[in-house]
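What follows is entry.txt (compact mmCIF, C-alpha atoms).
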```
# COMPACT_ATOMS: atom_id res chain seq x y z
CA MET B 144 -22.85 16.25 -14.26
CA GLY B 145 -19.90 15.56 -16.52
CA ALA B 146 -17.52 12.64 -16.41
CA MET B 147 -14.69 12.88 -13.92
CA ASN B 148 -11.29 11.31 -14.57
CA THR B 149 -10.10 9.32 -11.59
CA SER B 150 -7.24 7.06 -10.66
CA LEU B 151 -8.64 3.80 -9.39
CA GLY B 152 -6.29 1.07 -8.20
CA LYS B 153 -5.81 1.20 -4.46
CA ASP B 154 -7.35 4.66 -4.17
CA LEU B 155 -10.78 5.36 -2.77
CA VAL B 156 -12.93 7.29 -5.19
CA ASP B 157 -15.98 9.24 -4.04
CA LEU B 158 -19.22 8.44 -5.84
CA VAL B 159 -20.84 10.76 -3.28
CA ALA B 160 -18.49 12.90 -1.17
CA ALA B 161 -18.43 12.10 2.56
CA LYS B 162 -20.97 14.00 4.65
CA THR B 163 -23.02 15.13 1.66
CA VAL B 164 -26.38 16.40 2.94
CA VAL B 165 -29.42 15.67 0.75
CA ASN B 166 -33.16 16.21 1.12
CA ALA B 167 -34.28 15.10 -2.36
CA LYS B 168 -33.37 12.48 -4.93
CA GLY B 169 -30.19 13.04 -6.91
CA ASP B 170 -27.14 11.71 -8.71
CA GLY B 171 -23.43 11.77 -8.02
CA ALA B 172 -20.78 12.65 -10.59
CA ALA B 173 -19.80 10.16 -13.29
CA VAL B 174 -16.65 8.20 -12.44
CA ASP B 175 -14.52 6.68 -15.21
CA VAL B 176 -13.75 3.01 -14.42
CA SER B 177 -12.46 2.08 -17.88
CA ALA B 178 -8.80 1.97 -16.77
CA ALA B 179 -9.49 -0.50 -13.96
CA THR B 180 -7.61 -3.79 -14.28
CA SER B 181 -10.38 -5.57 -12.41
CA ARG B 182 -14.09 -5.17 -13.17
CA VAL B 183 -15.00 -5.76 -9.51
CA PHE B 184 -15.26 -2.91 -6.99
CA LEU B 185 -16.04 -2.53 -3.31
CA LEU B 186 -18.70 0.09 -2.59
CA THR B 187 -19.00 1.57 0.90
CA LEU B 188 -22.07 3.55 1.95
CA GLU B 189 -21.60 5.52 5.15
CA ILE B 190 -24.64 7.27 6.63
CA THR B 191 -23.44 9.79 9.22
CA ASN B 192 -26.65 11.64 10.08
CA ILE B 193 -30.41 11.23 9.61
CA ILE B 194 -33.71 12.23 11.15
CA GLU B 195 -36.30 9.69 12.27
CA GLN B 196 -38.94 8.13 10.05
CA GLU B 197 -37.17 8.34 6.71
CA SER B 198 -35.52 6.01 4.23
CA LEU B 199 -32.58 6.20 1.83
CA ASP B 200 -32.19 4.11 -1.33
CA VAL B 201 -28.76 4.20 -3.02
CA SER B 202 -28.03 2.49 -6.32
CA VAL B 203 -25.29 2.57 -8.96
CA TYR B 204 -25.91 3.01 -12.68
CA GLY B 205 -23.57 2.30 -15.58
CA SER B 206 -22.82 4.10 -18.83
CA ALA B 207 -20.70 3.51 -21.91
CA ASP B 208 -20.11 7.23 -22.51
CA GLY B 209 -20.80 9.06 -19.22
CA ALA B 210 -23.92 10.70 -20.70
CA ALA B 211 -26.54 8.00 -21.37
CA TRP B 212 -27.21 5.85 -18.29
CA SER B 213 -28.56 2.31 -17.96
CA PRO B 214 -32.34 2.24 -17.39
CA LYS B 215 -31.87 -0.16 -14.45
CA ALA B 216 -29.31 0.01 -11.66
CA VAL B 217 -26.29 -2.28 -11.96
CA VAL B 218 -26.40 -2.78 -8.18
CA ALA B 219 -28.31 -1.33 -5.21
CA PHE B 220 -27.81 -1.22 -1.47
CA PRO B 221 -30.72 -2.48 0.63
CA GLN B 222 -33.00 0.36 1.79
CA LYS B 223 -31.51 2.20 4.80
CA PHE B 224 -33.16 3.84 7.81
CA TYR B 225 -30.31 4.39 10.32
CA ARG B 226 -26.76 5.68 10.68
CA GLU B 227 -24.49 2.89 9.57
CA GLN B 228 -21.73 1.74 7.27
CA SER B 229 -22.63 -0.84 4.62
CA VAL B 230 -20.50 -2.52 1.95
CA LEU B 231 -21.49 -4.06 -1.37
CA LEU B 232 -19.64 -5.58 -4.33
CA LEU B 233 -20.10 -3.98 -7.73
CA ASP B 234 -19.24 -6.63 -10.33
CA LEU B 235 -19.08 -5.22 -13.85
CA THR B 236 -17.75 -8.40 -15.51
CA ALA B 237 -21.20 -9.02 -17.03
CA HIS B 238 -21.32 -5.38 -18.23
CA PRO B 239 -18.28 -4.97 -20.54
CA ASP B 240 -19.82 -1.85 -22.13
CA VAL B 241 -19.84 0.07 -18.81
CA LYS B 242 -16.99 2.58 -18.68
CA PHE B 243 -18.56 5.01 -16.21
CA VAL B 244 -20.56 4.59 -13.01
CA ARG B 245 -22.48 7.01 -10.82
CA ALA B 246 -24.52 6.82 -7.65
CA HIS B 247 -28.22 7.66 -7.56
CA TRP B 248 -30.24 8.17 -4.39
CA ASP B 249 -33.90 8.43 -3.48
CA VAL B 250 -35.19 9.64 -0.10
CA ALA B 251 -38.59 9.27 1.56
CA ARG B 252 -40.16 10.53 4.79
CA TRP B 253 -43.30 9.53 6.68
CA GLY B 254 -44.93 10.12 10.06
CA ARG B 255 -45.04 13.21 12.26
CA GLY B 256 -42.80 16.27 12.38
CA THR B 257 -41.09 18.05 9.54
CA GLU B 258 -41.90 16.69 6.11
CA THR B 259 -38.42 17.46 4.74
CA THR B 260 -36.01 14.56 4.55
CA MET B 261 -32.38 14.94 5.61
CA PHE B 262 -29.61 12.42 5.09
CA GLU B 263 -25.89 12.99 5.48
CA PHE B 264 -23.93 10.25 3.73
CA GLY B 265 -21.15 9.34 1.34
CA VAL B 266 -20.36 6.50 -1.05
CA THR B 267 -16.86 5.36 -1.96
CA LEU B 268 -15.62 2.99 -4.65
CA ARG B 269 -12.43 0.94 -4.53
CA GLU B 270 -11.19 -1.52 -7.13
CA VAL B 271 -10.77 -5.06 -5.78
CA PRO B 272 -7.29 -6.20 -6.92
CA ALA B 273 -7.18 -9.22 -9.25
CA ASN B 274 -4.96 -11.20 -6.84
CA ILE B 275 -7.57 -10.84 -4.07
CA LEU B 276 -10.30 -12.05 -6.46
CA LYS B 277 -8.17 -15.08 -7.44
CA GLU B 278 -7.52 -15.93 -3.77
CA ALA B 279 -11.22 -15.65 -2.93
CA ALA B 280 -12.21 -17.82 -5.90
CA ALA B 281 -9.63 -20.47 -4.95
CA GLU B 282 -10.87 -20.49 -1.35
CA ALA B 283 -14.48 -20.79 -2.49
CA ARG B 284 -13.61 -23.74 -4.73
CA ALA B 285 -11.72 -25.41 -1.88
CA ARG B 286 -14.79 -25.12 0.39
CA ALA B 287 -17.21 -26.43 -2.24
```

Can you turn what I pasted into structure tokens?
Amino acid sequence: MGAMNTSLGKDLVDLVAAKTVVNAKGDGAAVDVSAATSRVFLLTLEITNIIEQESLDVSVYGSADGAAWSPKAVVAFPQKFYREQSVLLLDLTAHPDVKFVRAHWDVARWGRGTETTMFEFGVTLREVPANILKEAAAEARARA
């Protein structure tokens, strides 16, 4: 999939559109994060429907050009088995070359019943404003 221009800031950006139904591994569209003032983002994974005895692995990969992707994920959610909402920080400060990100997912099924997996989920990305990062760092130093 090609790179997609997005406006970050306070806006939520879909790495995987809400209520996307998948039954095999796949990748979301490339999202341009080069204009972000912060290199830290909040990822939200929301699983809205599943069938029993299956797992979902969601990770985020980085790219300098939106075409060639890092061999290893920049960050990954813990493996999921249930409907839930989960959040994770994506910190790209150690990856200055990353200008694009995209979600990747793997699915697995075991046990009885149909052998086809089915997950309905979405992943959003939101830039964490610099002032919030400064406040959190100051609070962490004060508690240390």

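Comparing the minimum interatomic distances between Val165 of chain B and each of B:Thr259, B:Ser229, B:Asn274, B:Ser202, counting all atoms listed in the file, we find that B:Thr259 sits nearest.
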
Show me, as number ranges by chain, the residues that have an atom within 12 Å of Thr163 of chain B when counting only C-alpha atoms, minus same-chain residues fewer than 3 positions from it. B: 157-160, 166-167, 169-171, 188-193, 248, 261-266

Distance criterion (only C-alpha atoms): nearest to Thr180 of chain B out of B:Pro221, B:Gly209, B:Pro272, B:Pro239: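 Looking at the shortest contact to Thr180 of chain B, the residue is B:Pro272.
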
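For Leu235 of chain B, the non-local neighbours within 10 Å, defined as residues at least 3 positions apart in the same chain or in other chains and counting all atoms listed in the file, are Val176, Ser181, Arg182, Val183, Phe184, Gly205, Val217, Val218, Leu232, His238, Pro239, Asp240, Val241, Lys242 and Val244 of chain B.
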
Find the residue from B:Leu233, B:Leu268, B:Ala161, B:Ala251 that sits nearest to Asp200 of chain B; use all atoms listed in the file when measuring.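 Using all atoms listed in the file, the shortest distance to Asp200 of chain B belongs to B:Ala251.
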
Calculate how many Å separate atom CA of Leu155 of chain B from atom CA of Thr267 of chain B, rounding to one decimal.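 Going from atom CA of Leu155 of chain B over to atom CA of Thr267 of chain B, I get 6.1 Å.
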
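Using all atoms listed in the file, the smallest distance between any of B:Ile275, B:Ala281, B:Ala246, B:Leu231 and Leu185 of chain B comes from B:Leu231.
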
Do you have the atom CA of Ser213 of chain B-atom CA of Val201 of chain B distance handy? 15.1 Å

Between atom CA of Arg284 of chain B and atom CA of Ala219 of chain B, what is the distance in Å, rounded to a tenth?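 Computed distance, atom CA of Arg284 of chain B to atom CA of Ala219 of chain B, equals 26.8 Å.
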
Would you please work out which residue, of B:Ile194, B:Ala173, B:Val230, B:Ala178, is nearest to Val250 of chain B when using only C-alpha atoms?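 Looking only at the distances to Val250 of chain B, the closest residue turns out to be B:Ile194.
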
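Comparing the minimum interatomic distances between Ala172 of chain B and each of B:Lys277, B:Arg255, B:Arg245, B:Arg286, counting only C-alpha atoms, we find that B:Arg245 sits nearest.
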
Show me the residues close to (-42.4, 6.9, 9.2) - anything with an atom within 8 Å, counting all atoms listed in the file - and format the list as a list in words. Glu195, Gln196, Glu197, Arg252, Trp253, Gly254 and Arg255 of chain B

For the structure just given, write the atoms of segment 182-212 of chain B, namely C-alpha atoms, as a PDB file, in the first residue's frame.
```pdb
ATOM      1  CA  ARG B 182       8.416  11.683  18.148  1.00  0.00           C
ATOM      2  CA  VAL B 183       6.183   9.994  20.749  1.00  0.00           C
ATOM      3  CA  PHE B 184       2.731   8.636  19.890  1.00  0.00           C
ATOM      4  CA  LEU B 185      -0.101   6.901  21.711  1.00  0.00           C
ATOM      5  CA  LEU B 186      -1.312   3.746  19.971  1.00  0.00           C
ATOM      6  CA  THR B 187      -4.744   2.340  20.789  1.00  0.00           C
ATOM      7  CA  LEU B 188      -5.734  -1.187  19.760  1.00  0.00           C
ATOM      8  CA  GLU B 189      -9.448  -1.874  20.023  1.00  0.00           C
ATOM      9  CA  ILE B 190     -10.650  -5.436  19.428  1.00  0.00           C
ATOM     10  CA  THR B 191     -14.418  -5.367  18.888  1.00  0.00           C
ATOM     11  CA  ASN B 192     -15.146  -8.953  17.862  1.00  0.00           C
ATOM     12  CA  ILE B 193     -13.422 -12.350  17.883  1.00  0.00           C
ATOM     13  CA  ILE B 194     -14.173 -16.051  17.934  1.00  0.00           C
ATOM     14  CA  GLU B 195     -12.847 -18.372  20.632  1.00  0.00           C
ATOM     15  CA  GLN B 196      -9.457 -20.071  20.590  1.00  0.00           C
ATOM     16  CA  GLU B 197      -7.523 -17.575  18.490  1.00  0.00           C
ATOM     17  CA  SER B 198      -4.808 -14.989  18.960  1.00  0.00           C
ATOM     18  CA  LEU B 199      -3.937 -11.614  17.441  1.00  0.00           C
ATOM     19  CA  ASP B 200      -0.450 -10.102  17.316  1.00  0.00           C
ATOM     20  CA  VAL B 201      -0.230  -6.427  16.288  1.00  0.00           C
ATOM     21  CA  SER B 202       3.063  -4.617  15.768  1.00  0.00           C
ATOM     22  CA  VAL B 203       4.233  -1.357  14.197  1.00  0.00           C
ATOM     23  CA  TYR B 204       7.062  -1.090  11.670  1.00  0.00           C
ATOM     24  CA  GLY B 205       8.992   1.992  10.589  1.00  0.00           C
ATOM     25  CA  SER B 206      10.284   3.212   7.237  1.00  0.00           C
ATOM     26  CA  ALA B 207      12.362   6.107   5.950  1.00  0.00           C
ATOM     27  CA  ASP B 208      10.578   6.192   2.576  1.00  0.00           C
ATOM     28  CA  GLY B 209       7.219   4.402   2.990  1.00  0.00           C
ATOM     29  CA  ALA B 210       8.394   1.528   0.775  1.00  0.00           C
ATOM     30  CA  ALA B 211      11.205  -0.355   2.555  1.00  0.00           C
ATOM     31  CA  TRP B 212      10.212  -1.398   6.091  1.00  0.00           C
TER      32      TRP B 212
END
```
